[in-house]
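Asker: Got a structure for you, questions after.
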Amino acid sequence: MRVIRLILMLLAASLLLCGCENAGEAENHAYALVLGVDRTEEGIELTIRIPRIGQTQDQSERGSAGSEPYMTLSASGSDYAQAMEQLQWTAARELNLSQLKLIVVSESLASDDAFPPLIRAIAETRHLYTTAGFIVCEGAARPFVEGLETILGTRLSSEINAMFRHYAAHGVIPKSTFADLYDSTLSPYSDPTGILGFISGGTRGPEKLQPKSVIVPRAVSSEGGADRRYLGTAVFREGRLVCRLDAADTLLMNLISGRVDAFTCAVEGRMYSLSSASRARQSVKIDGGRVRMEVKLRLTSEAHIPPEDLDALRSALAEDLRRVIAQCQGLRVEPFGFASHAAMRFPTLEAWEAFDWRSRFSTAEVRVDISLSNPVA
Amino acid sequence: MRRGQRAEVSSLSVAMAIVPRVFCGLMVDTPDVHNGAYLSVLLGTLLALPAVHGLQFVAERANPRGMRGLRLLLAAWLSLDAAALIDCTAASAGYVAFAHVATRLLALPLLAAALRASVSGERTVVYTATLLVRASMLLLVLLIVQQLPYLRASWLAPVLGFGTRGILRAGVWTAARMTGIAGAFALLFQDCQTSDGKPRLIQGMCLASAVLVFLIVLRLMMAPSMGGDAMRRLNRLDALLTNGRAPLYSQLPMITVWFVGTLHAICFECCATGAMLRQSLPALKRWGSAILSVGPVALLTLTGLWKQALDALPAGLEYGFLLGGICLSAAAIHLQPGGRTCE
């Protein structure tokens, strides 16, 4: 009797094993690694890059038609929802957005008034992996996505991860995911950023003059290397792109935010490698409505710097940091993280929002304090 | 089980029953409290401690027949609360995986689990808590280690969040939950025992309060405060369970801890309801009390009536009813002399 009861209970419990209901073969899913979003005459165009599962390295190297390891699919619609539904049909498989590595948006769309509601629509797409990197590309998104290929590795996903780690380590791109864009657009703190992407050898690229102190890579030719480059920052305000910072200004922005450990500086043609002795410290003082922001950097040099160069380097770096902050103040965008420090001085979110941080930031006094020392002998 | 071990189990069991329920309510169903949620927990604990202490005092001294009214009041309240928790857990399951299934259908397996737990009895459920705590602790440590690079302390500011009104309202809501759940422990385990064997409710509530503050602070550091439509349940579930900042592999421990915790809280509330019905009506057998306890919960969940009932009953009134019940029972000690006699 007891055995019968046990069997009946197990049978009843097995009816509740619904977790395997949606099980399926990997080949039955279209795993999108990159999602491109662009505006067309019809409305919105979505482009995805998906791997051909089961494609071997030999088959792709043979280069025959249909043997490419990745394929690109596009679909258009009058709005995002319609375009996404069309994409589901185009994929002819269960479209799976949970493995996204990149979300690429064209610069023209990012600057448009239609982009803020689109951010929310993308973020609320079911099971879309919002921690994917967020790229704003020059030109259209579709050609940018189509050209994404593996260079050194065998998988596009690991290729993308390796590239971003490399660029982020040098401080020339912000650490920006789509989730950061969504959260920061809706939250009352600092303004969000995106990574600027461009095609090497194209008509545009980072063209600003080098600032005085930091040394960063410029655009390079695409021969023998990746032709999709990521250098610089797209700064957003209220969900729209309002400002582009080149690689050098991005490095300076990352220095202020405490996200750079080591970088190269130059003074009168002589180059020095510097590293952060400790994380950059930001402070915000509010005195009767007037805001004073301060950034403190403690840097050390890897090699000995003569005293005259030490002072010159310190003042050149401070001037560049003030210039970047002033540039953002003029555009009323704040991507450095000062807002979080200022918000601590307010008891409620209502009081903080009433303070109108963006206006106060644009007229704030800025102080940069750099301590630069030689290595201990 | 040794006598000393029973008391130790009770502290963890009290905490394990309170934490998931309060955390779920504050982080998913209470949009206007965000940054101030941990203050609500502290306030709720301060309000609940004297109420529960009073209840324990009454439970030790009152005639069991005189406690019948309080038990039935608490059983009814726990049924309503269990229905609310089942709805939240079913919605979570729908968000994570079963988008194409109606929320009410997703509640069915939870009701089945609650029925089984109710048949097993309150001591089994309470002892299970100690096993679940160990599993949850391991996953929680893993979760924290994975989330650490993405946590930002600056998102804790401003500390009062959306304002003091929301904190007060959520504080009273928390007090009602703590009083109800800890009160159920007091009534269920009021057997004649030495002080070693008494359930350590106050310790359990303090432990629950500390764990809640810790978890809420962690959660607040995972995503920034957002207003307006972003505070919809869907977005709050997303920020909590999938957190668009951490890697994909870290979602599994988060989701596991969430469902383990809420399922245990559901089982306890349904089980406690059944046990209190049996104490009030000794003629009821175990299966009968289980059906009588889970039946109304199923009705409230599947018809959606729990929402209308809770909307009609503000948090202050819930707490007021429970407090009123405790005070009336305290008065009944004098009206029905004789008190408790140990067998």
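In the structure tokens, each chain is lettered A, B, ... as it comes, each chain's residues begin at 1, and ligands are numbered from 1 in order of appearance.
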Using only C-alpha atoms, tabulate the residues of chain B lying at most 6 Å from any atom of chain A, each with its closest atom pair and that distance in Å to one decimal, by chain and increasing residue number, as CSV.

Answerer:
```
residue,atom,partner,partner_atom,distance
B:Ser154,CA,A:Ser340,CA,5.4
B:Ala157,CA,A:Met344,CA,4.9
B:Pro158,CA,A:Pro347,CA,5.2
B:Val159,CA,A:Pro347,CA,5.8
B:Leu160,CA,A:Thr348,CA,5.0
B:Gly161,CA,A:Thr348,CA,5.0
B:Phe162,CA,A:Leu349,CA,5.5
B:Gly163,CA,A:Thr348,CA,5.5
B:Ser225,CA,A:Ser187,CA,5.7
B:Met226,CA,A:Ser187,CA,4.5
B:Gly244,CA,A:Thr131,CA,5.2
B:Arg245,CA,A:Thr131,CA,5.2
```

Asker: Would you put the residues from that selection into a file with N, CA and C atoms, as a JSON list (two decimals), in the first residue's frame?

Answerer:
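For reference, result08.json as written:
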```
[["chain", "number", "residue", "atom", "x", "y", "z"],
["B", 154, "SER", "N", 26.60, 54.24, -4.92],
["B", 154, "SER", "CA", 26.02, 55.57, -5.13],
["B", 154, "SER", "C", 24.54, 55.51, -5.44],
["B", 157, "ALA", "N", 21.66, 56.48, -2.83],
["B", 157, "ALA", "CA", 21.22, 57.84, -2.56],
["B", 157, "ALA", "C", 20.18, 58.27, -3.59],
["B", 158, "PRO", "N", 19.23, 59.17, -3.25],
["B", 158, "PRO", "CA", 18.94, 59.69, -1.92],
["B", 158, "PRO", "C", 18.35, 58.61, -1.00],
["B", 159, "VAL", "N", 18.68, 58.67, 0.27],
["B", 159, "VAL", "CA", 18.38, 57.56, 1.19],
["B", 159, "VAL", "C", 16.89, 57.38, 1.46],
["B", 160, "LEU", "N", 16.11, 58.45, 1.37],
["B", 160, "LEU", "CA", 14.69, 58.30, 1.66],
["B", 160, "LEU", "C", 13.88, 57.95, 0.41],
["B", 161, "GLY", "N", 14.57, 57.78, -0.71],
["B", 161, "GLY", "CA", 13.88, 57.35, -1.92],
["B", 161, "GLY", "C", 12.76, 58.28, -2.33],
["B", 162, "PHE", "N", 11.56, 57.73, -2.46],
["B", 162, "PHE", "CA", 10.42, 58.52, -2.91],
["B", 162, "PHE", "C", 9.72, 59.27, -1.78],
["B", 163, "GLY", "N", 10.28, 59.22, -0.58],
["B", 163, "GLY", "CA", 9.71, 60.05, 0.49],
["B", 163, "GLY", "C", 9.27, 59.26, 1.70],
["B", 225, "SER", "N", 17.60, 53.92, -9.13],
["B", 225, "SER", "CA", 16.19, 54.25, -8.94],
["B", 225, "SER", "C", 15.64, 54.78, -10.25],
["B", 226, "MET", "N", 14.44, 54.36, -10.56],
["B", 226, "MET", "CA", 13.80, 54.85, -11.77],
["B", 226, "MET", "C", 12.37, 55.22, -11.41],
["B", 244, "GLY", "N", 19.73, 43.53, -15.80],
["B", 244, "GLY", "CA", 20.44, 43.81, -17.05],
["B", 244, "GLY", "C", 21.81, 44.42, -16.87],
["B", 245, "ARG", "N", 22.61, 43.81, -16.06],
["B", 245, "ARG", "CA", 23.96, 44.33, -15.84],
["B", 245, "ARG", "C", 24.94, 43.18, -15.65]]
```

Asker: For the strand (DSSP E) assignment from backbone DSSP, which residues of region 259-367 of chain A qualify? Please present them as a ChimeraX atom specification.

Answerer: /A:262-267,270-287,290-301,365-367

Asker: Please dump the current selection as a JSON list (two decimals), in the first residue's frame; keep C-alpha atoms.

Answerer:
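Wrote again.json, looks like this:
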```
[["chain", "number", "residue", "atom", "x", "y", "z"],
["A", 262, "ALA", "CA", 47.37, 53.06, -17.07],
["A", 263, "PHE", "CA", 47.84, 55.41, -20.01],
["A", 264, "THR", "CA", 50.53, 57.26, -21.97],
["A", 265, "CYS", "CA", 51.23, 60.96, -21.79],
["A", 266, "ALA", "CA", 53.50, 63.20, -23.81],
["A", 267, "VAL", "CA", 55.13, 66.54, -23.17],
["A", 270, "ARG", "CA", 58.70, 62.94, -24.81],
["A", 271, "MET", "CA", 56.37, 60.10, -23.86],
["A", 272, "TYR", "CA", 55.77, 58.75, -20.37],
["A", 273, "SER", "CA", 53.69, 55.88, -19.07],
["A", 274, "LEU", "CA", 51.56, 56.75, -16.08],
["A", 275, "SER", "CA", 49.38, 54.62, -13.85],
["A", 276, "SER", "CA", 46.79, 55.35, -11.19],
["A", 277, "ALA", "CA", 48.09, 54.86, -7.66],
["A", 278, "SER", "CA", 44.51, 54.88, -6.43],
["A", 279, "ARG", "CA", 41.03, 55.29, -7.88],
["A", 280, "ALA", "CA", 40.10, 58.85, -8.87],
["A", 281, "ARG", "CA", 38.13, 60.63, -6.15],
["A", 282, "GLN", "CA", 35.20, 62.81, -7.02],
["A", 283, "SER", "CA", 33.50, 65.17, -4.62],
["A", 284, "VAL", "CA", 30.66, 67.60, -4.99],
["A", 285, "LYS", "CA", 29.97, 70.47, -2.59],
["A", 286, "ILE", "CA", 26.73, 72.40, -2.73],
["A", 287, "ASP", "CA", 26.73, 75.79, -1.12],
["A", 290, "ARG", "CA", 26.27, 76.88, -6.16],
["A", 291, "VAL", "CA", 27.98, 73.61, -7.05],
["A", 292, "ARG", "CA", 31.70, 72.93, -6.72],
["A", 293, "MET", "CA", 33.06, 69.75, -8.19],
["A", 294, "GLU", "CA", 36.49, 68.39, -7.48],
["A", 295, "VAL", "CA", 38.46, 65.55, -9.03],
["A", 296, "LYS", "CA", 41.55, 64.20, -7.30],
["A", 297, "LEU", "CA", 43.94, 61.97, -9.19],
["A", 298, "ARG", "CA", 46.97, 60.24, -7.77],
["A", 299, "LEU", "CA", 49.29, 59.11, -10.56],
["A", 300, "THR", "CA", 52.70, 57.53, -10.62],
["A", 301, "SER", "CA", 55.14, 57.22, -13.44],
["A", 365, "GLU", "CA", 32.96, 75.37, -10.56],
["A", 366, "VAL", "CA", 35.50, 72.69, -11.37],
["A", 367, "ARG", "CA", 38.71, 71.92, -9.55]]
```

Asker: If you count only C-alpha atoms, which residues fall within 7 Å of region 261-266 of chain B, apart from same-chain ones fewer than 2 positions away, as an mmCIF file with C-alpha atoms, in the first residue's frame?

Answerer:
```
data_model
loop_
_atom_site.group_PDB
_atom_site.id
_atom_site.type_symbol
_atom_site.label_atom_id
_atom_site.label_comp_id
_atom_site.auth_asym_id
_atom_site.auth_seq_id
_atom_site.Cartn_x
_atom_site.Cartn_y
_atom_site.Cartn_z
ATOM 1 C CA ALA B 17 9.427 32.326 6.621
ATOM 2 C CA PRO B 20 11.090 35.912 1.253
ATOM 3 C CA ARG B 21 7.608 37.259 1.918
ATOM 4 C CA ALA B 82 -0.474 33.306 0.795
ATOM 5 C CA LEU B 85 2.506 35.550 -2.583
ATOM 6 C CA ILE B 86 1.412 32.757 -4.917
ATOM 7 C CA THR B 89 5.635 33.778 -7.555
ATOM 8 C CA ALA B 114 1.229 24.030 -0.538
ATOM 9 C CA VAL B 257 17.215 31.582 -4.446
ATOM 10 C CA TRP B 258 14.102 33.549 -5.343
ATOM 11 C CA PHE B 259 11.930 30.507 -6.040
ATOM 12 C CA PHE B 268 4.660 27.750 5.598
ATOM 13 C CA GLU B 269 1.691 30.116 5.374
ATOM 14 C CA CYS B 270 -0.659 27.439 4.017
#
```

Asker: Can you work out which one of A:Pro335, A:Gly288, A:Pro116, A:Gly258 has the shortest atom-to-atom distance to Gly194 (chain A), counting only C-alpha atoms?

Answerer: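 Checking each of A:Pro335, A:Gly288, A:Pro116, A:Gly258 against Gly194 (chain A), counting only C-alpha atoms, the winner is A:Pro335.
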
Asker: Please identify which residues in region 208-316 of chain A DSSP calls helix (DSSP H, G or I) from the backbone, and express them as a PDB file with C-alpha atoms, in the first residue's frame.

Answerer:
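out.pdb was written with the following content:
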```
ATOM      1  CA  ALA A 247      39.323  58.602 -28.152  1.00  0.00           C
ATOM      2  CA  ALA A 248      41.487  61.089 -26.262  1.00  0.00           C
ATOM      3  CA  ASP A 249      38.536  62.791 -24.579  1.00  0.00           C
ATOM      4  CA  THR A 250      37.120  59.360 -23.768  1.00  0.00           C
ATOM      5  CA  LEU A 251      40.353  58.463 -22.017  1.00  0.00           C
ATOM      6  CA  LEU A 252      40.148  61.692 -20.041  1.00  0.00           C
ATOM      7  CA  MET A 253      36.488  60.993 -19.195  1.00  0.00           C
ATOM      8  CA  ASN A 254      37.429  57.509 -18.010  1.00  0.00           C
ATOM      9  CA  LEU A 255      40.261  58.982 -15.928  1.00  0.00           C
ATOM     10  CA  ILE A 256      37.791  61.255 -14.156  1.00  0.00           C
ATOM     11  CA  SER A 257      35.432  58.318 -13.586  1.00  0.00           C
ATOM     12  CA  PRO A 307      61.147  67.858 -12.563  1.00  0.00           C
ATOM     13  CA  GLU A 308      60.447  70.334 -15.398  1.00  0.00           C
ATOM     14  CA  ASP A 309      58.544  67.684 -17.341  1.00  0.00           C
ATOM     15  CA  LEU A 310      56.711  66.619 -14.168  1.00  0.00           C
ATOM     16  CA  ASP A 311      55.233  70.099 -13.686  1.00  0.00           C
ATOM     17  CA  ALA A 312      54.466  70.524 -17.380  1.00  0.00           C
ATOM     18  CA  LEU A 313      52.765  67.153 -17.540  1.00  0.00           C
ATOM     19  CA  ARG A 314      50.702  67.841 -14.449  1.00  0.00           C
ATOM     20  CA  SER A 315      49.439  71.201 -15.700  1.00  0.00           C
ATOM     21  CA  ALA A 316      48.798  69.927 -19.258  1.00  0.00           C
TER      22      ALA A 316
END
```

Asker: Excluding Leu328 (chain B) and its own-chain neighbours fewer than 4 positions away, which residues fall within 10 Å of it when counting only C-alpha atoms? Please give them as an NGL selection string.

Answerer: :B and (58 or 66-67 or 69-70 or 322-324 or 332-333)

Asker: What's the 7 Å shell around Ser74 (chain A), counting only C-alpha atoms, without same-chain residues fewer than 3 positions away, as a list of chain:residue names?

Answerer: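 The residues that qualify are A:Glu45, A:Leu46, A:Thr47, A:Ile48, A:Leu87.
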
Asker: How many Å lie between CA of Gln308 (chain B) and CA of Trp77 (chain B), rounded to one decimal?

Answerer: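 Separation of CA of Gln308 (chain B) and CA of Trp77 (chain B): 14.1 Å.
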
Asker: Name the residues in contact with Ala168 (chain A) at a cut-off of 10 Å, using only C-alpha atoms, excluding same-chain residues fewer than 2 positions from it; report them as number ranges by chain.

Answerer: A: 162-166, 170-176, 230-231, 251, 254, 259-260

Asker: Write a file of the selected residues as a PDB file, in the first residue's frame, keeping C-alpha atoms.

Answerer:
```pdb
ATOM      1  CA  ALA A 162      38.338  40.173 -26.596  1.00  0.00           C
ATOM      2  CA  MET A 163      38.201  43.342 -28.665  1.00  0.00           C
ATOM      3  CA  PHE A 164      36.201  45.264 -26.087  1.00  0.00           C
ATOM      4  CA  ARG A 165      38.451  44.136 -23.261  1.00  0.00           C
ATOM      5  CA  HIS A 166      41.430  45.389 -25.255  1.00  0.00           C
ATOM      6  CA  HIS A 170      43.325  51.386 -22.865  1.00  0.00           C
ATOM      7  CA  GLY A 171      40.450  53.599 -21.755  1.00  0.00           C
ATOM      8  CA  VAL A 172      39.482  54.631 -25.280  1.00  0.00           C
ATOM      9  CA  ILE A 173      35.908  53.389 -25.046  1.00  0.00           C
ATOM     10  CA  PRO A 174      33.417  53.693 -22.189  1.00  0.00           C
ATOM     11  CA  LYS A 175      32.235  50.573 -20.379  1.00  0.00           C
ATOM     12  CA  SER A 176      28.780  50.765 -21.755  1.00  0.00           C
ATOM     13  CA  TYR A 230      35.628  51.182 -31.663  1.00  0.00           C
ATOM     14  CA  LEU A 231      37.055  54.448 -30.493  1.00  0.00           C
ATOM     15  CA  LEU A 251      40.353  58.463 -22.017  1.00  0.00           C
ATOM     16  CA  ASN A 254      37.429  57.509 -18.010  1.00  0.00           C
ATOM     17  CA  ARG A 259      38.073  53.564 -14.972  1.00  0.00           C
ATOM     18  CA  VAL A 260      41.611  53.807 -16.317  1.00  0.00           C
TER      19      VAL A 260
END
```

Asker: Within 12 Å of Leu73 (chain A), counting only C-alpha atoms, which residues qualify if same-chain residues fewer than 6 places away don't, as an NGL selection string?

Answerer: :A and (30-36 or 45-51 or 83-84 or 86-93 or 95 or 142-143 or 145-146)
